[in-house]
>>> print(open('my_file_1.csv').read())   # CSV, C-alpha atoms
chain,number,residue,atom,x,y,z
A,18,MET,CA,-16.6,22.7,8.3
A,19,ASN,CA,-18.5,25.9,8.0
A,20,ALA,CA,-21.5,25.5,5.7
A,21,GLN,CA,-21.0,28.8,4.0
A,22,PHE,CA,-17.4,27.9,3.1
A,23,LYS,CA,-18.6,24.6,1.6
A,24,LYS,CA,-21.3,26.2,-0.5
A,25,GLY,CA,-18.9,28.5,-2.3
A,26,VAL,CA,-16.4,25.8,-3.4
A,27,LEU,CA,-18.9,23.0,-3.9
A,28,GLU,CA,-19.5,24.2,-7.5
A,29,LEU,CA,-15.7,24.1,-8.3
A,30,ILE,CA,-15.4,20.6,-6.7
A,31,VAL,CA,-18.3,19.3,-8.7
A,32,LEU,CA,-17.1,20.8,-12.0
A,33,GLU,CA,-13.6,19.4,-11.4
A,34,SER,CA,-15.0,15.9,-10.6
A,35,VAL,CA,-17.0,15.7,-13.8
A,36,ARG,CA,-14.1,17.1,-15.9
A,37,LYS,CA,-12.1,14.0,-15.1
A,38,ARG,CA,-14.8,11.6,-16.3
A,39,ASP,CA,-18.5,11.6,-16.8
A,40,MET,CA,-20.4,10.6,-13.7
A,41,TYR,CA,-23.9,9.9,-12.6
A,42,GLY,CA,-25.5,11.6,-9.6
A,43,TYR,CA,-24.9,9.1,-6.8
A,44,GLU,CA,-21.3,8.6,-7.9
A,45,LEU,CA,-20.7,12.3,-7.9
A,46,VAL,CA,-22.1,12.7,-4.4
A,47,ALA,CA,-19.7,10.0,-3.2
A,48,GLU,CA,-16.8,11.7,-5.0
A,49,VAL,CA,-17.6,15.1,-3.5
A,50,SER,CA,-18.1,13.6,-0.1
A,51,LYS,CA,-14.5,12.5,-0.2
A,52,VAL,CA,-13.4,16.1,-0.3
A,53,VAL,CA,-16.0,17.8,1.8
A,54,ASP,CA,-18.6,16.4,4.1
A,55,VAL,CA,-21.7,17.5,2.2
A,56,ASN,CA,-25.4,17.2,2.4
A,57,GLU,CA,-26.7,15.1,-0.5
A,58,GLY,CA,-29.6,17.5,-0.8
A,59,THR,CA,-27.4,20.3,-1.9
A,60,ILE,CA,-25.6,18.5,-4.7
A,61,TYR,CA,-28.6,17.5,-6.8
A,62,PRO,CA,-30.0,21.1,-7.0
A,63,LEU,CA,-26.5,22.3,-7.9
A,64,LEU,CA,-26.3,19.8,-10.7
A,65,LYS,CA,-29.7,20.9,-12.0
A,66,ARG,CA,-28.6,24.5,-11.9
A,67,LEU,CA,-25.3,23.9,-13.8
A,68,THR,CA,-27.2,21.8,-16.3
A,69,ASN,CA,-29.8,24.6,-16.8
A,70,GLU,CA,-26.9,27.0,-17.4
A,71,HIS,CA,-25.4,24.6,-20.0
A,72,TYR,CA,-22.3,23.8,-18.1
A,73,PHE,CA,-23.3,20.2,-18.1
A,74,GLU,CA,-24.9,17.9,-20.6
A,75,THR,CA,-26.8,14.8,-19.5
A,76,TYR,CA,-27.3,11.5,-21.1
A,77,LEU,CA,-28.8,8.2,-20.0
A,78,ARG,CA,-26.8,5.0,-20.0
A,79,GLU,CA,-27.9,1.5,-19.1
A,80,SER,CA,-26.5,0.1,-15.9
A,81,SER,CA,-26.1,-3.6,-15.0
A,82,GLU,CA,-28.4,-3.2,-12.1
A,83,GLY,CA,-31.5,-1.0,-11.8
A,84,PRO,CA,-32.8,1.6,-14.2
A,85,PRO,CA,-30.6,3.6,-16.6
A,86,ARG,CA,-28.5,6.2,-15.0
A,87,LYS,CA,-28.2,9.9,-15.9
A,88,TYR,CA,-24.6,10.8,-16.6
A,89,TYR,CA,-23.3,14.3,-16.4
A,90,HIS,CA,-20.7,15.6,-19.0
A,91,LEU,CA,-18.8,18.9,-18.8
A,92,THR,CA,-19.4,21.1,-21.8
A,93,ALA,CA,-16.9,23.5,-23.3
A,94,ALA,CA,-18.7,26.3,-21.5
A,95,GLY,CA,-18.4,24.3,-18.3
A,96,VAL,CA,-14.6,23.9,-18.8
A,97,LEU,CA,-14.2,27.7,-19.2
A,98,TYR,CA,-16.4,28.3,-16.2
A,99,ARG,CA,-14.4,25.8,-14.1
A,100,ASP,CA,-11.1,27.5,-15.1
A,101,ALA,CA,-12.5,30.9,-14.2
A,102,LEU,CA,-13.7,29.6,-10.8
A,103,GLU,CA,-10.4,27.9,-10.2
A,104,SER,CA,-8.4,31.1,-10.8
A,105,GLU,CA,-10.9,33.0,-8.7
A,106,TRP,CA,-10.5,30.5,-5.9
A,107,ILE,CA,-6.7,30.6,-6.1
A,108,GLN,CA,-6.6,34.4,-5.9
A,109,PHE,CA,-9.1,34.5,-3.1
A,110,SER,CA,-7.4,31.9,-1.0
A,111,LYS,CA,-4.0,33.6,-1.6
A,112,GLN,CA,-5.4,36.9,-0.4
A,113,VAL,CA,-7.0,35.4,2.6
A,114,ASN,CA,-3.9,33.5,3.5
A,115,ALA,CA,-1.7,36.6,3.1
A,116,PHE,CA,-4.1,38.5,5.3
A,117,LEU,CA,-4.0,35.8,8.0
A,118,LYS,CA,-0.2,35.6,7.9
A,119,GLU,CA,0.1,39.3,8.3
A,120,HIS,CA,-1.9,39.3,11.5
A,121,VAL,CA,0.0,36.3,12.9
A,122,GLU,CA,3.4,38.0,12.5
B,1,MET,CA,-40.7,9.2,6.3
B,2,ASN,CA,-40.3,6.5,3.7
B,3,LYS,CA,-39.3,6.9,0.1
B,4,GLN,CA,-42.8,7.3,-1.3
B,5,GLU,CA,-43.8,9.9,1.2
B,6,PHE,CA,-40.6,11.8,0.6
B,7,LEU,CA,-41.1,11.8,-3.2
B,8,LYS,CA,-44.7,12.8,-2.9
B,9,ASP,CA,-43.8,15.7,-0.5
B,10,LEU,CA,-41.0,16.8,-2.8
B,11,GLN,CA,-43.3,16.7,-5.8
B,12,SER,CA,-45.9,18.9,-4.1
B,13,ARG,CA,-43.2,21.4,-3.4
B,14,ILE,CA,-41.8,21.6,-6.9
B,15,ARG,CA,-45.2,21.4,-8.7
B,16,ILE,CA,-44.6,24.8,-10.3
B,17,LEU,CA,-42.0,23.2,-12.6
B,18,ALA,CA,-42.9,21.5,-15.9
B,19,ASP,CA,-44.1,17.9,-15.6
B,20,ALA,CA,-41.0,16.5,-17.4
B,21,GLU,CA,-38.6,18.3,-15.1
B,22,GLN,CA,-40.5,17.1,-12.1
B,23,GLN,CA,-40.3,13.5,-13.2
B,24,ASP,CA,-36.6,13.9,-14.0
B,25,ILE,CA,-35.8,15.3,-10.6
B,26,LEU,CA,-37.9,12.8,-8.7
B,27,ALA,CA,-36.4,9.9,-10.7
B,28,GLU,CA,-32.9,11.0,-9.7
B,29,TYR,CA,-33.8,11.3,-6.0
B,30,ALA,CA,-35.5,7.9,-6.2
B,31,GLN,CA,-32.4,6.4,-7.8
B,32,HIS,CA,-30.2,7.9,-5.1
B,33,ILE,CA,-32.3,6.5,-2.3
B,34,ASP,CA,-32.3,3.1,-4.0
B,35,LEU,CA,-28.5,3.1,-4.3
B,36,ARG,CA,-28.1,4.2,-0.7
B,37,THR,CA,-30.4,1.4,0.5
B,38,ALA,CA,-28.5,-1.1,-1.6
B,39,SER,CA,-25.3,0.0,0.2
B,40,GLY,CA,-26.9,-1.0,3.5
B,41,LEU,CA,-28.7,2.2,4.7
B,42,SER,CA,-32.3,2.3,5.6
B,43,GLU,CA,-34.7,4.5,3.6
B,44,GLU,CA,-35.1,6.8,6.5
B,45,GLU,CA,-31.4,7.3,6.9
B,46,ALA,CA,-31.0,8.0,3.2
B,47,ILE,CA,-33.8,10.5,3.3
B,48,ARG,CA,-32.4,12.2,6.4
B,49,ASP,CA,-29.2,12.9,4.6
B,50,PHE,CA,-31.1,15.1,2.2
B,51,GLY,CA,-31.8,17.4,5.0
B,52,ASP,CA,-35.0,19.5,5.3
B,53,PRO,CA,-37.3,18.8,2.4
B,54,GLY,CA,-38.4,22.5,2.3
B,55,GLN,CA,-34.7,23.6,2.1
B,56,LEU,CA,-34.1,21.0,-0.6
B,57,ALA,CA,-37.1,22.1,-2.6
B,58,SER,CA,-36.2,25.8,-2.4
B,59,GLU,CA,-32.7,25.0,-3.7
B,60,ILE,CA,-34.1,23.0,-6.6
B,61,LEU,CA,-36.4,25.9,-7.4
B,62,GLU,CA,-33.5,28.3,-7.2
B,63,ALA,CA,-31.8,26.3,-10.0
B,64,TYR,CA,-34.8,27.3,-12.2
B,65,HIS,CA,-34.7,30.9,-11.1
B,66,VAL,CA,-38.0,30.5,-9.3
B,67,ASP,CA,-38.0,32.6,-6.1
B,68,PRO,CA,-38.7,30.0,-3.4
B,69,ALA,CA,-39.2,32.6,-0.7
B,70,ARG,CA,-42.2,34.0,-2.4
B,71,LEU,CA,-43.7,30.6,-3.0
B,72,MET,CA,-43.0,29.3,0.5
B,73,ALA,CA,-43.6,32.5,2.5
B,74,GLU,CA,-47.2,32.7,1.7
B,75,PRO,CA,-49.3,30.3,3.8
B,76,SER,CA,-51.2,29.3,0.6
B,77,GLY,CA,-47.9,28.6,-1.2
B,78,LYS,CA,-48.7,25.0,-1.7
B,79,GLU,CA,-52.2,25.8,-2.9
B,80,THR,CA,-50.9,28.4,-5.3
B,81,ALA,CA,-48.4,25.9,-6.6
B,82,ASP,CA,-51.3,23.4,-7.0
B,83,MET,CA,-53.3,26.0,-8.7
B,84,VAL,CA,-50.5,27.0,-11.0
B,85,GLY,CA,-50.0,23.3,-11.8
B,86,ALA,CA,-53.7,22.8,-12.5
B,87,LEU,CA,-53.7,26.0,-14.6
B,88,ARG,CA,-50.7,24.8,-16.6
B,89,ARG,CA,-52.3,21.5,-17.2
B,90,ALA,CA,-55.6,23.1,-18.2
B,91,GLY,CA,-53.7,25.5,-20.5
B,92,SER,CA,-51.7,22.7,-22.1
B,93,LYS,CA,-55.0,20.7,-22.6
B,94,ALA,CA,-56.7,23.7,-24.1
B,95,GLY,CA,-53.7,24.3,-26.3
B,96,GLY,CA,-53.8,20.7,-27.5
B,97,THR,CA,-57.5,21.0,-28.4
B,98,LEU,CA,-57.0,24.4,-30.0
B,99,ARG,CA,-54.1,23.0,-32.0
B,100,ARG,CA,-56.2,20.0,-33.1
B,101,LEU,CA,-59.1,22.4,-34.0
B,102,GLY,CA,-56.7,24.6,-35.9
B,103,ILE,CA,-55.3,21.6,-37.9
B,104,ARG,CA,-58.8,20.5,-38.7
B,105,ILE,CA,-59.8,24.0,-39.8
B,106,ALA,CA,-56.7,24.4,-41.9
B,107,SER,CA,-57.1,21.0,-43.6
B,108,SER,CA,-60.8,21.7,-44.4
B,109,VAL,CA,-59.9,25.2,-45.7
B,110,CYS,CA,-57.2,23.5,-47.8
B,111,SER,CA,-59.6,21.0,-49.2
B,112,ILE,CA,-62.2,23.7,-50.0
B,113,GLY,CA,-59.5,25.8,-51.6
B,114,GLN,CA,-58.3,22.8,-53.7
B,115,ARG,CA,-61.8,22.0,-54.8
B,116,LEU,CA,-62.4,25.7,-55.6
B,117,SER,CA,-59.2,26.1,-57.5
B,118,ALA,CA,-60.0,22.9,-59.5
B,119,GLY,CA,-63.4,24.3,-60.3
B,120,VAL,CA,-62.0,27.7,-61.3
B,121,ASN,CA,-59.3,25.9,-63.3
B,122,ARG,CA,-62.0,23.9,-65.2
B,123,LEU,CA,-64.1,27.0,-65.8
B,124,GLY,CA,-61.0,28.9,-67.0
B,125,ARG,CA,-60.0,26.1,-69.3
B,126,TRP,CA,-63.6,25.9,-70.6
B,127,THR,CA,-63.8,29.7,-71.2
B,128,VAL,CA,-60.4,29.7,-72.9
B,129,SER,CA,-61.4,26.8,-75.2
B,130,PHE,CA,-64.7,28.5,-75.9
B,131,PHE,CA,-63.1,31.7,-77.0
B,132,HIS,CA,-60.5,29.8,-78.9
B,133,GLN,CA,-63.2,28.0,-80.8
B,134,CYS,CA,-65.1,31.3,-81.4
B,135,GLY,CA,-61.8,32.9,-82.6
B,136,LEU,CA,-61.1,30.0,-84.9
B,137,ALA,CA,-64.7,30.1,-86.3
B,138,LEU,CA,-64.4,33.9,-86.9
B,139,ARG,CA,-61.0,33.6,-88.5
B,140,ARG,CA,-62.2,30.9,-90.8
B,141,LEU,CA,-65.2,33.1,-91.7
B,142,PHE,CA,-63.0,36.0,-92.6
B,143,ARG,CA,-60.0,34.2,-93.9
B,144,ARG,CA,-61.7,32.2,-96.7
B,145,PRO,CA,-62.0,35.1,-99.2
B,146,SER,CA,-58.5,36.3,-98.7
B,147,GLN,CA,-57.2,32.8,-99.1
B,148,SER,CA,-58.9,32.4,-102.4
B,149,GLU,CA,-57.6,35.9,-103.4
B,150,SER,CA,-54.0,35.0,-102.5
B,151,THR,CA,-54.2,31.7,-104.4
B,152,VAL,CA,-55.6,33.4,-107.5
B,153,PRO,CA,-52.5,35.4,-108.4
B,154,GLN,CA,-50.3,32.4,-107.9
B,155,SER,CA,-52.1,30.5,-110.5
B,156,VAL,CA,-52.3,33.5,-112.9
B,157,LYS,CA,-48.6,34.3,-112.5
B,158,GLU,CA,-47.7,32.5,-115.6
B,159,ASP,CA,-49.3,35.2,-117.7
B,160,PRO,CA,-47.3,38.5,-117.3
B,161,HIS,CA,-50.2,40.5,-118.7
B,162,MET,CA,-52.7,39.3,-116.1
B,163,ASN,CA,-50.2,39.9,-113.4
B,164,VAL,CA,-50.0,43.6,-114.3
B,165,VAL,CA,-53.7,43.8,-114.1
B,166,SER,CA,-54.0,42.3,-110.7
B,167,THR,CA,-51.2,44.4,-109.2
B,168,PRO,CA,-53.2,47.6,-108.2
B,169,SER,CA,-55.8,45.8,-106.2
B,170,HIS,CA,-53.0,43.8,-104.5
B,171,ARG,CA,-51.1,47.0,-103.7
B,172,GLY,CA,-54.3,48.7,-102.4
B,173,HIS,CA,-54.9,45.8,-100.1
B,174,GLN,CA,-51.3,46.0,-98.9
B,175,VAL,CA,-51.6,49.8,-98.1
B,176,LEU,CA,-54.8,49.2,-96.3
B,177,ARG,CA,-53.2,46.5,-94.3
B,178,ALA,CA,-50.2,48.7,-93.5
B,179,VAL,CA,-52.5,51.6,-92.3
B,180,LYS,CA,-54.5,49.2,-90.2
B,181,ARG,CA,-51.3,47.8,-88.7
B,182,LEU,CA,-50.0,51.3,-88.0
B,183,CYS,CA,-53.3,52.2,-86.3
B,184,THR,CA,-53.4,49.1,-84.1
B,185,GLY,CA,-49.7,49.7,-83.3
B,186,LEU,CA,-50.3,53.2,-82.1
B,187,LEU,CA,-53.4,52.2,-80.2
B,188,ARG,CA,-51.4,49.4,-78.6
B,189,LEU,CA,-48.6,51.8,-77.6
B,190,LEU,CA,-51.1,54.3,-76.1
B,191,TRP,CA,-52.9,51.6,-74.2
B,192,ASN,CA,-49.7,50.1,-72.8
B,193,LEU,CA,-48.4,53.6,-71.9
B,194,LEU,CA,-51.6,54.3,-70.1
B,195,LEU,CA,-51.3,51.0,-68.2
B,196,ALA,CA,-47.7,51.8,-67.3
B,197,LEU,CA,-48.7,55.2,-66.1
B,198,CYS,CA,-51.5,53.7,-63.9
B,199,ALA,CA,-49.0,51.1,-62.6
B,200,VAL,CA,-46.5,53.7,-61.3
B,201,PRO,CA,-48.4,54.9,-58.2
B,202,PHE,CA,-49.2,51.3,-57.3
B,203,ILE,CA,-45.6,50.3,-57.6
B,204,ALA,CA,-44.6,53.3,-55.5
B,205,ALA,CA,-47.2,52.5,-52.8
B,206,GLY,CA,-46.2,48.8,-52.8
B,207,MET,CA,-42.5,49.8,-52.3
B,208,LEU,CA,-43.4,52.2,-49.5
B,209,ALA,CA,-45.5,49.5,-47.8
B,210,LEU,CA,-42.6,47.0,-48.1
B,211,VAL,CA,-40.2,49.5,-46.5
B,212,GLY,CA,-42.9,50.1,-43.9
B,213,ILE,CA,-43.1,46.4,-43.2
B,214,GLY,CA,-39.4,46.2,-42.7
B,215,LEU,CA,-39.3,49.2,-40.3
B,216,LEU,CA,-42.4,48.0,-38.4
B,217,ALA,CA,-41.0,44.5,-38.0
B,218,VAL,CA,-37.9,45.8,-36.4
B,219,LEU,CA,-39.9,48.1,-34.1
B,220,LEU,CA,-42.2,45.2,-33.3
B,221,ILE,CA,-39.3,43.0,-32.3
B,222,GLN,CA,-38.2,45.9,-30.0
B,223,GLY,CA,-41.5,45.7,-28.3
B,224,TYR,CA,-43.7,48.4,-29.8
B,225,PRO,CA,-47.3,47.5,-30.2
B,226,LEU,CA,-47.4,47.9,-34.0
B,227,ILE,CA,-48.8,44.5,-35.1
B,228,GLY,CA,-52.0,46.2,-36.5
B,229,ILE,CA,-50.2,48.6,-38.7
B,230,LEU,CA,-47.8,45.9,-39.8
B,231,LEU,CA,-50.8,43.8,-41.0
B,232,CYS,CA,-52.2,46.8,-42.8
B,233,CYS,CA,-48.9,47.3,-44.6
B,234,LEU,CA,-48.9,43.6,-45.5
B,235,GLY,CA,-52.4,44.0,-46.9
B,236,ALA,CA,-51.3,47.0,-48.9
B,237,VAL,CA,-48.4,45.1,-50.4
B,238,LEU,CA,-50.6,42.2,-51.4
B,239,CYS,CA,-53.2,44.6,-52.9
B,240,CYS,CA,-50.6,46.4,-54.9
B,241,ALA,CA,-49.1,43.1,-56.1
B,242,ALA,CA,-52.6,41.9,-57.1
B,243,ILE,CA,-53.4,45.1,-59.0
B,244,LEU,CA,-50.0,44.9,-60.8
B,245,GLY,CA,-50.7,41.3,-61.7
B,246,LEU,CA,-54.1,42.4,-63.2
B,247,GLY,CA,-52.3,45.2,-65.1
B,248,ILE,CA,-49.8,42.7,-66.5
B,249,THR,CA,-52.6,40.5,-67.8
B,250,LEU,CA,-54.1,43.6,-69.5
B,251,ILE,CA,-51.0,44.5,-71.4
B,252,TRP,CA,-51.8,44.4,-75.2
B,253,HIS,CA,-49.2,42.1,-76.7
B,254,ARG,CA,-48.2,42.3,-80.4
B,255,PRO,CA,-50.6,39.9,-82.0
B,256,LEU,CA,-48.0,37.8,-83.8
B,257,PRO,CA,-50.2,35.4,-85.8
B,258,ALA,CA,-52.6,38.1,-86.9
B,259,GLU,CA,-49.8,40.3,-88.2
B,260,ASN,CA,-48.7,37.8,-90.9
B,261,PRO,CA,-51.8,36.0,-92.2
B,262,GLU,CA,-49.8,33.7,-94.4
B,263,GLU,CA,-47.7,32.5,-91.5
B,264,SER,CA,-50.7,32.0,-89.4
B,265,GLN,CA,-52.2,30.0,-92.1
B,266,ALA,CA,-49.1,27.9,-92.2
B,267,ILE,CA,-49.4,27.3,-88.5
B,268,GLU,CA,-53.1,26.5,-88.7
B,269,ALA,CA,-52.9,24.4,-91.8
B,270,SER,CA,-53.0,20.7,-91.4
B,271,PRO,CA,-49.9,18.7,-92.5
B,272,ALA,CA,-51.7,17.5,-95.6
B,273,GLU,CA,-52.3,21.1,-96.7
B,274,ILE,CA,-48.7,22.0,-96.1
B,275,ILE,CA,-47.6,19.1,-98.2
B,276,VAL,CA,-50.0,20.1,-101.0
B,277,ARG,CA,-48.8,23.7,-100.9
B,278,THR,CA,-45.1,22.7,-101.0
B,279,VAL,CA,-45.7,20.5,-104.0
B,280,GLU,CA,-47.5,23.3,-105.7
B,281,LEU,CA,-44.6,25.6,-105.0
B,282,ALA,CA,-42.1,23.1,-106.3
B,283,ALA,CA,-44.2,22.7,-109.4
B,284,SER,CA,-44.5,26.4,-110.0
B,285,GLN,CA,-40.8,27.1,-109.6
B,286,PRO,CA,-39.5,25.5,-112.9
B,287,GLU,CA,-42.4,27.1,-114.7
B,288,ARG,CA,-41.3,30.5,-113.4
B,289,GLU,CA,-37.8,29.7,-114.6
B,290,GLU,CA,-39.1,28.9,-118.0
B,291,VAL,CA,-41.0,32.2,-118.0
B,292,ASN,CA,-37.7,34.0,-117.2
B,293,HIS,CA,-36.0,32.1,-120.0
B,294,HIS,CA,-38.6,33.2,-122.5
B,295,ALA,CA,-38.4,36.8,-121.4
>>> encode(input="my_file_1.csv", output="structure tokens")
Amino acid sequence: MNAQFKKGVLELIVLESVRKRDMYGYELVAEVSKVVDVNEGTIYPLLKRLTNEHYFETYLRESSEGPPRKYYHLTAAGVLYRDALESEWIQFSKQVNAFLKEHVE
Amino acid sequence: MNKQEFLKDLQSRIRILADAEQQDILAEYAQHIDLRTASGLSEEEAIRDFGDPGQLASEILEAYHVDPARLMAEPSGKETADMVGALRRAGSKAGGTLRRLGIRIASSVCSIGQRLSAGVNRLGRWTVSFFHQCGLALRRLFRRPSQSESTVPQSVKEDPHMNVVSTPSHRGHQVLRAVKRLCTGLLRLLWNLLLALCAVPFIAAGMLALVGIGLLAVLLIQGYPLIGILLCCLGAVLCCAAILGLGITLIWHRPLPAENPEESQAIEASPAEIIVRTVELAASQPEREEVNHHA
């Protein structure tokens, strides 16, 4: 898949994944990897950026094995941002699909 | 590249960030690598999945709105990052020592101030008590004759004839006292008016300076370099307040105890004296009734 395509929707996928339940970094990478084949290196900086912009809150929780894990939680601002991104994506994909269909016909 | 090398390399690239953030980021990557190796991958493979470390670092820095191109484009990017890190550490160290120094200075100034204020307090109390003692001594000196005078008519009151004789001197005394009271009242009024007149310009200046402080504070927040004038205004307000405070202490209050000597005597008299006087009064009352009856 085109790397440029991925980069655009990765934010939406990450936000949607965390909206369903709080996740820690590794879990989130695995979750996103189910949807798009993604480089791990791009997800952590993205999480950092969304946290810095207050769309995510983080907290530490003990795990049965290893050190405590940092969980990400979607804030109210994050939910609003996710909804905005979703509607943008829907409109965008609709327009692109309509354009492509026009040319096929 | 193994885990330690990768983490060290990454840290050197994100050195511009705050120490806590660096540790946070590195811990997360370390944990990710640990979890990958636990699921059966080798460290090398796990690290390869992160892609190019330079690209990774620039994406991390982008999350902090640090322009990675400018840091990385320069050949001395790493060195500048090192330098910035060192500078930051030196700055924080200097800040810590300065803060400690500030705290020590503040505490010593506080203790000096406390000692000074205690000393001034003691001096003030001593002065007040000294003047109080002086005043008491003076009053005792001047009061004694008047006291004997005021007791004389009471004891003579039984005789109507003697009473008539003593009236003129008593009335003259009262007139004198009234004139004196009037004079002091007028003087007091004049003095207080003068004080009020003097206070008006200071009040006006203080108000002006207060308004100036408000205006300057707003302008300062907007970015104008007006801190000096603001401090001047603050000083002016404090000066005006201090001068007004001085003026308030100079106001000539109505000397309540001095106005009514008998009352002041009652205040100053010891309980035993009061009892004696009330007994005398009670004893003299039936006698006066008897006098009325005779009349």
>>> interface_residues(input="my_file_1.csv", of="chain A", to="chain B", cutoff="10 Å", atoms="all atoms listed in the file", output="ChimeraX atom specification")
/A:41-44,46,55-70,83-87
>>> residues_near_point(input="my_file_1.csv", point="(-23.8, 22.8, -19.0)", cutoff="9 Å", atoms="all atoms listed in the file", output="list of chain:residue names")
A:Arg66, A:Leu67, A:Thr68, A:Asn69, A:Glu70, A:His71, A:Tyr72, A:Phe73, A:Glu74, A:Thr75, A:Tyr89, A:His90, A:Leu91, A:Thr92, A:Ala93, A:Ala94, A:Gly95
>>> atom_distance(input="my_file_1.csv", atom1="atom CA of B:Leu187", atom2="atom CA of B:Leu141")
25.2 Å
>>> atom_distance(input="my_file_1.csv", atom1="atom CA of B:Arg15", atom2="atom CA of B:Arg89")
11.1 Å
>>> atom_distance(input="my_file_1.csv", atom1="atom CA of A:Ser50", atom2="atom CA of A:Val113")
24.6 Å
>>> residues_around(input="my_file_1.csv", residues="A:Leu32", least_positions_apart="2", cutoff="8 Å", atoms="all atoms listed in the file", output="PyMOL selection string")
chain A and resi 28-30+34-36+91+95-96+99
>>> residues_around(input="my_file_1.csv", residues="B:Leu250", least_positions_apart="4", cutoff="9 Å", atoms="all atoms listed in the file", output="list in words")
Asn192, Leu195, Gly245 and Leu246 of chain B
>>> residues_around(input="my_file_1.csv", residues="A:Lys23", least_positions_apart="3", cutoff="9 Å", atoms="all atoms listed in the file", output="JSON list (two decimals) with C-alpha atoms, in the frame of the given file")
[["chain", "number", "residue", "atom", "x", "y", "z"],
["A", 18, "MET", "CA", -16.60, 22.70, 8.30],
["A", 19, "ASN", "CA", -18.50, 25.90, 8.00],
["A", 20, "ALA", "CA", -21.50, 25.50, 5.70],
["A", 26, "VAL", "CA", -16.40, 25.80, -3.40],
["A", 27, "LEU", "CA", -18.90, 23.00, -3.90],
["A", 53, "VAL", "CA", -16.00, 17.80, 1.80],
["A", 54, "ASP", "CA", -18.60, 16.40, 4.10],
["A", 55, "VAL", "CA", -21.70, 17.50, 2.20]]
>>> closest_residue(input="my_file_1.csv", among="B:Ala90, B:Ala18, B:Leu41, B:Leu189", to="B:Trp252", atoms="only C-alpha atoms")
B:Leu189
>>> closest_residue(input="my_file_1.csv", among="B:Gly124, B:Arg177, B:Gly228, B:Val84", to="B:Leu216", atoms="only C-alpha atoms")
B:Gly228
